[in-house]
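Dropping structure.cif in here (mmCIF, C-alpha atoms):
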```
data_start
#
loop_
_atom_site.label_atom_id
_atom_site.label_comp_id
_atom_site.auth_asym_id
_atom_site.auth_seq_id
_atom_site.Cartn_x
_atom_site.Cartn_y
_atom_site.Cartn_z
CA HIS S 9 0.29 12.59 -8.86
CA LEU S 10 1.53 9.18 -9.94
CA ALA S 11 3.10 8.79 -6.49
CA ALA S 12 0.33 10.42 -4.42
CA LEU S 13 -2.65 8.89 -6.26
CA GLY S 14 -1.23 5.85 -8.03
CA TRP S 15 1.01 4.61 -5.22
CA GLY S 16 -0.16 6.04 -1.89
CA THR S 17 -3.89 6.52 -2.42
CA MET S 18 -4.61 3.42 -4.49
CA ILE S 19 -2.88 1.07 -2.07
CA ILE S 20 -4.66 2.73 0.87
CA PHE S 21 -7.97 2.21 -0.95
CA GLY S 22 -7.22 -1.48 -1.45
CA ALA S 23 -5.99 -2.00 2.09
CA SER S 24 -8.93 -0.03 3.50
CA TYR S 25 -11.47 -2.48 2.10
CA GLN S 26 -9.79 -5.15 4.23
CA LEU S 27 -8.64 -3.09 7.21
CA ILE S 28 -11.51 -0.65 7.81
CA PRO S 29 -13.89 -3.52 8.67
CA VAL S 30 -11.22 -4.68 11.17
CA VAL S 31 -10.72 -1.18 12.61
CA LEU S 32 -14.46 -0.45 12.81
CA GLU S 33 -15.34 -4.04 13.77
CA THR S 34 -18.06 -4.40 11.14
CA GLU S 35 -18.45 -5.75 7.59
CA LEU S 36 -17.72 -3.65 4.49
CA TYR S 37 -20.95 -2.13 3.21
CA SER S 38 -20.52 -3.04 -0.47
CA GLU S 39 -17.84 -4.94 -2.39
CA LYS S 40 -19.54 -3.98 -5.69
CA LEU S 41 -19.16 -0.31 -4.78
CA ALA S 42 -15.46 -0.96 -4.13
CA TRP S 43 -15.04 -2.56 -7.58
CA LEU S 44 -16.88 0.33 -9.24
CA SER S 45 -14.62 2.83 -7.47
CA PHE S 46 -11.53 0.95 -8.69
CA GLY S 47 -12.95 0.71 -12.22
CA LEU S 48 -13.28 4.49 -12.37
CA PHE S 49 -10.12 5.39 -10.45
CA LEU S 50 -7.57 3.48 -12.55
CA PRO S 51 -8.51 4.82 -16.04
CA GLY S 52 -9.02 8.28 -14.55
CA LEU S 53 -5.54 8.18 -13.00
CA ILE S 54 -3.94 7.01 -16.27
CA GLU S 55 -5.67 9.73 -18.30
CA LEU S 56 -4.88 12.42 -15.73
CA VAL S 57 -1.19 11.53 -15.35
CA TYR S 58 -0.70 11.23 -19.13
CA SER S 59 -2.37 14.62 -19.64
CA PHE S 60 -0.05 16.14 -17.04
CA TRP S 61 2.96 14.47 -18.69
CA ILE S 62 2.28 15.98 -22.13
CA PHE S 63 0.56 18.93 -20.44
CA VAL S 64 -2.31 19.52 -22.82
CA PRO S 65 -5.20 20.98 -20.75
CA GLY S 66 -8.57 20.08 -22.15
CA ILE S 67 -11.13 17.32 -22.37
CA HIS S 68 -8.79 14.39 -21.58
CA MET S 69 -7.35 16.02 -18.48
CA GLN S 70 -10.84 17.03 -17.36
CA CYS S 71 -12.30 13.55 -17.93
CA GLY S 72 -9.45 11.99 -15.93
CA ALA S 73 -10.02 14.40 -13.05
CA VAL S 74 -13.80 13.76 -13.03
CA LEU S 75 -13.30 9.98 -13.06
CA VAL S 76 -10.88 10.17 -10.10
CA LEU S 77 -13.25 12.48 -8.21
CA THR S 78 -16.20 10.11 -8.81
CA ALA S 79 -14.13 7.14 -7.61
CA VAL S 80 -13.12 9.02 -4.46
CA LEU S 81 -16.73 9.96 -3.72
CA LEU S 82 -17.79 6.30 -4.10
CA PHE S 83 -14.97 5.20 -1.77
CA THR S 84 -16.04 7.77 0.83
CA LEU S 85 -19.68 6.69 0.51
CA ASN S 86 -18.65 3.07 1.07
CA VAL S 87 -16.64 4.02 4.16
CA TYR S 88 -19.51 6.14 5.52
CA LEU S 89 -22.11 3.41 5.04
CA THR S 90 -19.74 0.87 6.59
CA ALA S 91 -19.18 3.08 9.65
CA LYS S 92 -22.92 3.78 9.89
CA LYS S 93 -23.53 0.07 10.56
CA LYS S 94 -21.47 0.35 13.75
CA LYS S 95 -23.44 1.61 16.76
CA GLN S 96 -20.58 2.79 18.98
CA GLU S 97 -18.42 5.57 17.51
CA THR S 98 -14.64 5.43 18.03
CA ILE S 99 -11.85 7.95 17.61
CA GLN S 100 -10.43 5.77 14.81
CA GLU S 101 -13.71 6.25 12.94
CA ASP S 102 -13.37 10.03 13.33
CA PHE S 103 -9.84 9.93 11.91
CA ILE S 104 -10.81 7.73 8.96
CA PHE S 105 -13.99 9.53 7.94
CA SER S 106 -12.39 12.98 8.34
CA ALA S 107 -9.54 11.76 6.12
CA CYS S 108 -12.06 10.67 3.47
CA ILE S 109 -13.76 14.08 3.58
CA CYS S 110 -10.37 15.79 3.18
CA LEU S 111 -9.58 13.51 0.22
CA CYS S 112 -12.88 14.49 -1.43
CA LEU S 113 -12.09 18.18 -0.91
CA THR S 114 -8.50 17.69 -2.16
CA VAL S 115 -9.60 15.98 -5.37
CA ALA S 116 -12.51 18.42 -5.84
CA LEU S 117 -10.08 21.35 -5.63
CA GLY S 118 -7.68 19.55 -7.97
CA THR S 119 -10.52 18.99 -10.46
CA ALA S 120 -11.46 22.67 -10.25
CA LEU S 121 -7.83 23.60 -10.92
CA VAL S 122 -7.83 21.32 -13.98
CA PHE S 123 -10.94 23.05 -15.36
CA ASN S 124 -9.40 26.40 -14.42
CA PHE S 125 -6.83 25.97 -17.20
CA THR S 126 -9.55 26.58 -19.79
CA LEU S 127 -12.49 28.16 -17.93
CA SER S 128 -10.76 30.63 -15.52
CA ILE S 129 -12.76 29.59 -12.45
CA PHE S 130 -10.41 31.22 -9.92
CA PRO S 131 -9.50 34.90 -10.09
CA GLN S 132 -6.23 34.32 -8.20
CA ASP S 133 -3.07 32.75 -9.52
CA GLN S 134 -3.28 28.95 -9.80
CA LEU S 135 -0.20 28.55 -7.57
CA HIS S 136 -2.10 30.22 -4.71
CA PHE S 137 -4.29 27.12 -4.41
CA LEU S 138 -1.58 24.48 -4.86
CA LYS S 139 -0.32 24.71 -1.27
CA LEU S 140 -3.91 24.27 -0.05
CA HIS S 141 -4.37 21.31 -2.41
CA ALA S 142 -1.09 19.73 -1.30
CA HIS S 143 -1.65 20.12 2.45
CA MET S 144 -5.26 18.94 2.34
CA GLY S 145 -3.86 15.82 0.69
CA LEU S 146 -0.79 15.28 2.86
CA ILE S 147 -2.22 16.27 6.26
CA GLY S 148 -5.95 15.89 5.75
CA TRP S 149 -5.94 12.66 3.78
CA PHE S 150 -2.72 10.75 4.39
CA LEU S 151 -1.91 11.82 7.95
CA LEU S 152 -5.42 11.45 9.37
CA MET S 153 -6.04 8.13 7.59
CA LEU S 154 -2.69 6.59 8.54
CA ILE S 155 -2.93 7.71 12.19
CA GLY S 156 -6.48 6.34 12.38
CA VAL S 157 -5.62 2.94 10.91
CA SER S 158 -2.19 2.54 12.56
CA SER S 159 -3.61 3.44 16.00
CA LYS S 160 -5.68 0.26 15.74
CA LEU S 161 -3.27 -2.03 13.88
CA VAL S 162 0.00 -1.24 15.68
CA PRO S 163 -1.34 -2.17 19.15
CA MET S 164 -2.90 -5.29 17.60
CA PHE S 165 0.33 -6.41 15.89
CA LEU S 166 2.39 -5.66 19.01
CA VAL S 167 -0.22 -7.31 21.28
CA SER S 168 -0.21 -4.18 23.44
CA SER S 169 -2.02 -3.85 26.76
CA TYR S 170 -2.37 -0.05 26.35
CA HIS S 171 -5.94 0.80 25.28
CA SER S 172 -6.51 4.43 26.35
CA THR S 173 -7.63 6.70 23.48
CA ARG S 174 -7.27 10.03 25.29
CA LEU S 175 -4.03 10.89 23.47
CA LEU S 176 -5.63 10.01 20.14
CA THR S 177 -8.56 12.30 20.89
CA TRP S 178 -6.17 15.18 21.61
CA SER S 179 -4.22 14.30 18.47
CA TYR S 180 -7.36 14.37 16.31
CA TYR S 181 -8.67 17.75 17.45
CA LEU S 182 -5.26 19.44 17.41
CA ILE S 183 -4.43 18.23 13.89
CA ILE S 184 -7.91 19.08 12.55
CA GLY S 185 -7.73 22.50 14.23
CA ALA S 186 -4.28 23.21 12.79
CA LEU S 187 -5.34 22.09 9.30
CA LEU S 188 -8.48 24.27 9.25
CA TYR S 189 -6.55 27.24 10.66
CA PHE S 190 -3.86 26.79 7.98
CA LEU S 191 -6.32 26.50 5.08
CA VAL S 192 -8.20 29.65 6.07
CA ASP S 193 -5.10 31.66 6.97
CA ALA S 194 -3.08 30.58 3.94
CA TYR S 195 -6.00 31.32 1.59
CA LEU S 196 -6.68 34.78 3.00
CA PHE S 197 -3.18 35.97 3.89
CA GLY S 198 -0.58 33.43 2.73
CA LEU S 199 2.29 32.25 4.94
CA SER S 200 3.02 34.59 7.84
CA TYR S 201 4.34 34.51 11.40
CA ARG S 202 0.97 32.98 12.38
CA THR S 203 2.05 29.89 10.46
CA TYR S 204 4.51 29.12 13.29
CA LEU S 205 1.56 28.93 15.70
CA ILE S 206 -0.31 26.65 13.30
CA PHE S 207 2.76 24.43 13.10
CA LEU S 208 2.99 24.23 16.90
CA ILE S 209 -0.69 23.23 17.17
CA GLY S 210 -0.34 20.54 14.50
CA GLY S 211 3.00 19.41 15.93
CA ALA S 212 1.39 18.97 19.35
CA GLY S 213 -1.30 16.79 17.77
CA LEU S 214 1.31 14.71 15.99
CA ALA S 215 3.31 14.41 19.22
CA CYS S 216 0.21 13.00 20.97
CA SER S 217 -0.05 10.26 18.33
CA PHE S 218 3.68 9.48 18.71
CA ILE S 219 3.31 9.23 22.49
CA PHE S 220 0.35 6.88 22.00
CA LEU S 221 2.46 4.62 19.75
CA TYR S 222 5.35 4.77 22.22
CA LYS S 223 3.07 3.69 25.07
CA CYS S 224 1.82 0.81 22.90
CA LEU S 225 5.43 -0.17 22.21
CA ARG S 226 6.39 -0.04 25.89
CA SER S 227 3.39 -2.11 27.00
CA ARG S 228 3.64 -4.76 24.26
CA LEU S 229 3.37 -8.41 25.22
CA ARG S 230 5.13 -9.57 22.06
CA LYS S 231 8.73 -8.55 22.77
CA HIS S 232 10.16 -9.42 19.35
CA ILE S 233 9.57 -6.71 16.74
CA ASP S 234 9.71 -8.14 13.22
CA LEU S 235 11.24 -6.42 10.21
CA ALA S 236 7.90 -5.26 8.79
CA MET S 237 7.07 -3.41 12.02
CA ARG S 238 10.57 -1.93 12.17
CA SER S 239 9.99 -0.48 8.71
CA SER S 240 6.79 1.07 10.04
CA PHE S 241 8.66 2.67 12.94
CA LEU S 242 11.26 3.95 10.44
CA SER S 243 8.39 5.71 8.64
CA PHE S 244 7.44 7.55 11.84
CA LEU S 245 11.07 8.67 12.22
CA LEU S 246 11.02 10.05 8.65
CA LEU S 247 7.78 11.86 9.47
CA LYS S 248 9.45 13.51 12.48
CA ILE S 249 12.37 14.64 10.30
CA ALA S 250 9.92 16.03 7.72
CA MET S 251 8.17 18.03 10.44
CA LEU S 252 11.50 19.49 11.59
CA THR S 253 12.00 21.04 8.14
CA VAL S 254 8.72 23.02 8.33
CA PRO S 255 10.01 25.91 10.56
CA PHE S 256 12.89 26.40 8.11
CA ILE S 257 10.46 26.52 5.16
CA ILE S 258 8.37 29.18 6.94
CA TYR S 259 11.44 31.20 7.97
CA PHE S 260 13.09 31.25 4.54
CA HIS S 261 9.74 31.92 2.83
CA LEU S 262 9.17 35.01 4.99
CA LYS S 263 12.71 36.16 4.18
CA ASN S 264 12.15 35.52 0.42
CA ASN S 265 15.21 33.27 0.54
CA PRO S 266 15.67 30.77 -2.34
CA ALA S 267 16.52 28.09 0.27
CA THR S 268 12.73 27.73 0.66
CA ILE S 269 12.65 25.71 -2.56
CA ARG S 270 15.27 23.22 -1.36
CA PHE S 271 13.64 22.72 2.04
CA SER S 272 10.20 22.40 0.44
CA MET S 273 11.52 19.77 -1.98
CA VAL S 274 13.11 17.75 0.84
CA TYR S 275 9.90 18.10 2.90
CA GLY S 276 7.82 16.71 0.02
CA GLU S 277 10.24 13.82 -0.55
CA LEU S 278 10.33 12.96 3.16
CA MET S 279 6.53 12.94 3.32
CA VAL S 280 5.68 10.99 0.14
CA MET S 281 8.73 8.84 -0.60
CA GLY S 282 9.79 8.74 3.06
CA TRP S 283 7.00 8.47 5.61
CA ILE S 284 4.13 7.23 3.39
CA THR S 285 6.28 4.86 1.35
CA ALA S 286 8.14 3.35 4.33
CA LEU S 287 4.85 2.71 6.14
CA ILE S 288 3.34 0.99 3.10
CA LEU S 289 6.51 -1.04 2.46
CA GLY S 290 6.34 -2.39 6.01
CA GLN S 291 2.60 -2.81 6.56
CA THR S 292 2.10 -4.61 3.23
CA PHE S 293 3.81 -7.67 4.69
CA LYS S 294 1.73 -7.49 7.86
CA THR S 295 -1.62 -7.29 6.08
CA LEU S 296 -1.34 -8.87 2.60
CA PRO S 297 -0.04 -12.27 3.84
CA PHE S 298 -2.93 -12.46 6.32
CA ILE S 299 -5.47 -11.66 3.58
CA VAL S 300 -4.01 -14.38 1.33
CA TRP S 301 -3.72 -16.80 4.28
CA VAL S 302 -7.45 -16.41 5.04
CA LYS S 303 -8.26 -17.26 1.42
CA HIS S 304 -6.08 -20.39 1.39
CA TYR S 305 -6.20 -21.74 4.92
CA GLU S 306 -9.14 -20.45 6.95
CA HIS S 307 -11.26 -23.49 5.97
CA LEU S 308 -8.38 -25.83 6.89
CA THR S 309 -7.85 -24.47 10.41
CA GLY S 310 -8.14 -27.25 12.99
CA LYS S 311 -7.94 -29.97 10.33
CA PHE S 312 -4.41 -29.69 8.93
CA LYS S 313 -1.06 -28.20 9.90
CA THR S 314 -0.73 -25.03 7.82
CA PRO S 315 1.85 -22.25 7.31
CA MET S 316 1.57 -19.04 9.30
CA PRO S 317 0.86 -15.74 7.47
CA ALA S 318 4.49 -14.72 8.07
CA ASP S 319 5.60 -17.81 6.10
CA LEU S 320 3.93 -16.61 2.91
CA PHE S 321 6.52 -13.96 1.95
CA ALA S 322 10.27 -14.20 1.38
CA VAL S 323 12.12 -12.84 4.40
CA SER S 324 15.33 -12.51 2.36
CA LEU S 325 13.59 -10.23 -0.14
CA LEU S 326 12.16 -8.12 2.68
CA LYS S 327 15.62 -7.75 4.25
CA ALA S 328 17.14 -6.72 0.91
CA GLN S 329 14.23 -4.31 0.32
CA THR S 330 14.78 -2.68 3.71
CA VAL S 331 18.52 -2.25 3.12
CA SER S 332 18.03 -0.75 -0.37
CA TYR S 333 15.31 1.57 0.92
CA ILE S 334 17.47 2.87 3.78
CA PHE S 335 20.26 3.43 1.24
CA PHE S 336 17.79 5.44 -0.84
CA CYS S 337 16.93 7.61 2.17
CA VAL S 338 20.53 8.39 3.12
CA THR S 339 21.55 9.26 -0.47
CA PHE S 340 18.56 10.76 -2.26
CA MET S 341 17.26 13.05 0.51
CA PRO S 342 20.66 14.74 1.19
CA GLY S 343 21.29 14.73 -2.56
CA CYS S 344 18.11 16.76 -3.15
CA TYR S 345 19.07 19.30 -0.48
CA PHE S 346 22.68 19.77 -1.60
CA MET S 347 21.78 19.30 -5.30
CA ALA S 348 24.44 16.58 -5.47
CA VAL S 349 23.73 14.75 -8.73
CA PRO S 350 25.77 11.58 -7.93
CA LEU S 351 23.84 11.13 -4.64
CA ILE S 352 20.54 11.67 -6.46
CA TYR S 353 21.42 9.03 -9.07
CA LEU S 354 22.51 6.57 -6.38
CA GLY S 355 19.25 7.18 -4.52
CA ILE S 356 17.15 6.68 -7.65
CA ALA S 357 18.96 3.41 -8.39
CA ALA S 358 18.35 2.23 -4.81
CA LEU S 359 14.66 3.16 -5.06
CA ILE S 360 14.28 1.20 -8.30
CA VAL S 361 15.87 -1.83 -6.60
CA THR S 362 13.52 -1.35 -3.62
CA ALA S 363 10.49 -1.23 -5.94
CA LEU S 364 11.55 -4.39 -7.81
CA LEU S 365 12.19 -6.30 -4.57
CA TYR S 366 8.86 -5.14 -3.15
CA LEU S 367 6.97 -6.14 -6.30
CA SER S 368 8.71 -9.54 -6.37
CA ASN S 369 7.75 -10.23 -2.76
CA VAL S 370 4.15 -9.11 -3.33
CA LEU S 371 3.94 -11.54 -6.27
CA VAL S 372 5.36 -14.31 -4.07
CA VAL S 373 2.46 -13.75 -1.65
CA LEU S 374 -0.22 -13.36 -4.32
CA PHE S 375 0.80 -16.53 -6.21
CA HIS S 376 1.14 -18.64 -3.08
CA LYS S 377 -0.07 -22.22 -3.52
CA THR S 378 -1.98 -23.95 -0.72
CA GLN S 379 0.30 -26.23 1.34
CA THR S 380 -0.46 -28.55 4.23
CA TYR S 381 1.87 -30.53 6.48
CA GLY S 382 -0.40 -33.43 7.38
CA LYS S 383 -3.50 -33.79 9.50
CA LEU S 384 -3.61 -32.61 13.11
#
```
Could you express the structure from this file as C-alpha cells?
Amino acid sequence: HLAALGWGTMIIFGASYQLIPVVLETELYSEKLAWLSFGLFLPGLIELVYSFWIFVPGIHMQCGAVLVLTAVLLFTLNVYLTAKKKKQETIQEDFIFSACICLCLTVALGTALVFNFTLSIFPQDQLHFLKLHAHMGLIGWFLLMLIGVSSKLVPMFLVSSYHSTRLLTWSYYLIIGALLYFLVDAYLFGLSYRTYLIFLIGGAGLACSFIFLYKCLRSRLRKHIDLAMRSSFLSFLLLKIAMLTVPFIIYFHLKNNPATIRFSMVYGELMVMGWITALILGQTFKTLPFIVWVKHYEHLTGKFKTPMPADLFAVSLLKAQTVSYIFFCVTFMPGCYFMAVPLIYLGIAALIVTALLYLSNVLVVLFHKTQTYGKL
C-alpha cells in the first residue's frame, strides 16, 4: 500500500492536476478541492500504512481508510467537473474518468475489507476479495489512467503526426470488457479456464494501445528520443513481460502448483516496481521541469534569453538513475523468481540508489533559481 498509494497513486494525483487540463484541453475545476484531497489523503495514508505495519485492526485503521476514500472521491469529483467543462468528449477522457471510477471502487472495497476485520461484513474469506481489489487497482486504475494520459502526452513529446484514435477506442472497450468479465467471473467462480479467454480479451486491448504508441513512434517528427522517453518505453516493455507471466499464473493455479506464488510475486513486482515505477521515473523529467519552467520563465518569454525545461534537471543524475534502475530490474526480478537472496539484496541496493538519485534530481528541479542570459 505504501508503493501503490504513497508512490504510484499520490504522484499520479499530483501530475493529474497539471496534466489532465492539458489532456482535456480545459482548466482544472478547483485547486482548493485538490488541496483538500491532498490534506485528507496524506494523513489517511500514514495512518493506514502504520496500522497495517503493526496490524492492529480497529479505529485507527478504519479512520485511515475513510480518509483515503474521501480524498479519492474528492479527486474523482474534481476530474469529473473538469471534464464536464469540455464540450467535445474524447477517448482520453473515457480512459481517465473510468480509471477514477475504478479507483473509487478499489478504495471502497479496501475500506470495506478494513471494517470487515471487526464487523464481519463479508461472509466469504477475506482473501477471496483481495484479487478483485488488486486487479481493480492495477488494471482499472493504473492501466486505464496511464494509457489515457500517455496516449496524449507521448505523441505530444514525440511531435507525432499520427492522430487516429481508432486503436485507442478498441483498446478501451476491450480492456474494460475484460476487467468487468474478470471481476464477475472471479467473484462467482474463481480462476478457471475462462480466465484464459479474459486474458486474451484484455491482452488484445493492451496490444491496441501498444500499436498506437508504435505508430506514434514511427511517425514522429522529432527523431531524437531523450533519456526520459526511453525510460517510458522501458516501462512498456516491463508491462509486456508482466503480461506474459499471466498465463503461467492461471495454469499453475488450476494445477494447484506452488509455482503460482512465485509467478504471482514476479507479476506484482513487474507491474508496480517495473511498469508503473519506470513510467513515473521517466515522465517526471518530462513534466516537472516544464511545470517549474512555467513558474519561473513564462513571464520572461520574448524579453530575455532563458533556459529550456530540459536544462532544469541534471542529466548526469538521470543517466545514473536509469543505469541503477535497469540493474535493479535484472537482479531483483530474477532473484524473486529463483528465491536467490544475493540477487534480491543487490536489487534492493540498486533500488535504494535509484530512489536517492531520483529524489536528488527532483530537488534540483524544485529548488531551481531563475536565470537569464541577457535581453533578446
Open item on the list: Expand the PyMOL selection byres ((chain S and resi 296) around 9) into the explicit residue set it covers here, and present it as an NGL selection string.
Closed with: :S and (23 or 291-295 or 297-301 or 317 or 370 or 373-374)
Task: Selection: 7 Å around Phe271 (chain S), only C-alpha atoms, excl. self and same-chain fewer than 2 positions, as a PyMOL selection string - done: chain S and resi 253+257+267-269+273-275+345
Explicit residue set for the PyMOL selection byres ((chain S and resi 158-160) around 8), as a PDB file with C-alpha atoms, in the frame of the given file:
```pdb
ATOM      1  CA  VAL S  31     -10.720  -1.180  12.610  1.00  0.00           C
ATOM      2  CA  GLN S 100     -10.430   5.770  14.810  1.00  0.00           C
ATOM      3  CA  LEU S 154      -2.690   6.590   8.540  1.00  0.00           C
ATOM      4  CA  ILE S 155      -2.930   7.710  12.190  1.00  0.00           C
ATOM      5  CA  GLY S 156      -6.480   6.340  12.380  1.00  0.00           C
ATOM      6  CA  VAL S 157      -5.620   2.940  10.910  1.00  0.00           C
ATOM      7  CA  LEU S 161      -3.270  -2.030  13.880  1.00  0.00           C
ATOM      8  CA  VAL S 162       0.000  -1.240  15.680  1.00  0.00           C
ATOM      9  CA  PRO S 163      -1.340  -2.170  19.150  1.00  0.00           C
ATOM     10  CA  MET S 164      -2.900  -5.290  17.600  1.00  0.00           C
ATOM     11  CA  PHE S 220       0.350   6.880  22.000  1.00  0.00           C
ATOM     12  CA  LEU S 221       2.460   4.620  19.750  1.00  0.00           C
TER      13      LEU S 221
END
```
- [ ] Decode the PyMOL selection byres ((chain S and resi 39) around 12) for the given file into explicit residues and return them as number ranges by chain.
- [x] S: 22, 24-26, 29, 35-38, 40-46, 82-83, 86-87, 89-90
Restrict the selected residues to C-alpha atoms and save them as a PDB file, in the coordinates of the input.
```pdb
ATOM      1  CA  GLY S  22      -7.220  -1.480  -1.450  1.00  0.00           C
ATOM      2  CA  SER S  24      -8.930  -0.030   3.500  1.00  0.00           C
ATOM      3  CA  TYR S  25     -11.470  -2.480   2.100  1.00  0.00           C
ATOM      4  CA  GLN S  26      -9.790  -5.150   4.230  1.00  0.00           C
ATOM      5  CA  PRO S  29     -13.890  -3.520   8.670  1.00  0.00           C
ATOM      6  CA  GLU S  35     -18.450  -5.750   7.590  1.00  0.00           C
ATOM      7  CA  LEU S  36     -17.720  -3.650   4.490  1.00  0.00           C
ATOM      8  CA  TYR S  37     -20.950  -2.130   3.210  1.00  0.00           C
ATOM      9  CA  SER S  38     -20.520  -3.040  -0.470  1.00  0.00           C
ATOM     10  CA  LYS S  40     -19.540  -3.980  -5.690  1.00  0.00           C
ATOM     11  CA  LEU S  41     -19.160  -0.310  -4.780  1.00  0.00           C
ATOM     12  CA  ALA S  42     -15.460  -0.960  -4.130  1.00  0.00           C
ATOM     13  CA  TRP S  43     -15.040  -2.560  -7.580  1.00  0.00           C
ATOM     14  CA  LEU S  44     -16.880   0.330  -9.240  1.00  0.00           C
ATOM     15  CA  SER S  45     -14.620   2.830  -7.470  1.00  0.00           C
ATOM     16  CA  PHE S  46     -11.530   0.950  -8.690  1.00  0.00           C
ATOM     17  CA  LEU S  82     -17.790   6.300  -4.100  1.00  0.00           C
ATOM     18  CA  PHE S  83     -14.970   5.200  -1.770  1.00  0.00           C
ATOM     19  CA  ASN S  86     -18.650   3.070   1.070  1.00  0.00           C
ATOM     20  CA  VAL S  87     -16.640   4.020   4.160  1.00  0.00           C
ATOM     21  CA  LEU S  89     -22.110   3.410   5.040  1.00  0.00           C
ATOM     22  CA  THR S  90     -19.740   0.870   6.590  1.00  0.00           C
TER      23      THR S  90
END
```
Open item on the list: Ranking S:Thr285, S:Thr380, S:Ser332, S:Asn264 by minimum distance to Trp15 (chain S) and counting only C-alpha atoms, which one comes first?
Closed with: S:Thr285
Task: Pick from S:Thr114, S:Arg270, S:Tyr195, S:Val331 nearest to Met347 (chain S), counting only C-alpha atoms - done: S:Arg270
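Of the listed residues (S:Tyr58, S:Ile129, S:Leu176, S:Trp149), S:Leu176 comes nearest to Ile99 (chain S); the distances count all atoms listed in the file.
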Task: Interatomic distance, CA of Leu175 (chain S) to CA of Val80 (chain S) (Å, one decimal) - done: 29.4 Å
Task: Nearest to Ile219 (chain S), chosen from S:His136, S:Phe244, S:Tyr353, S:Met281, with all atoms listed in the file counted in the distances - done: S:Phe244
- [ ] Identify, on the basis of all atoms listed in the file, every residue whose closest approach to Ile54 (chain S) does not exceed 10 Å; exclude the query and any residue fewer than 2 positions from it along the same chain; express the result as a PyMOL selection string.
- [x] chain S and resi 10+14+49-52+56-60+69+72+76
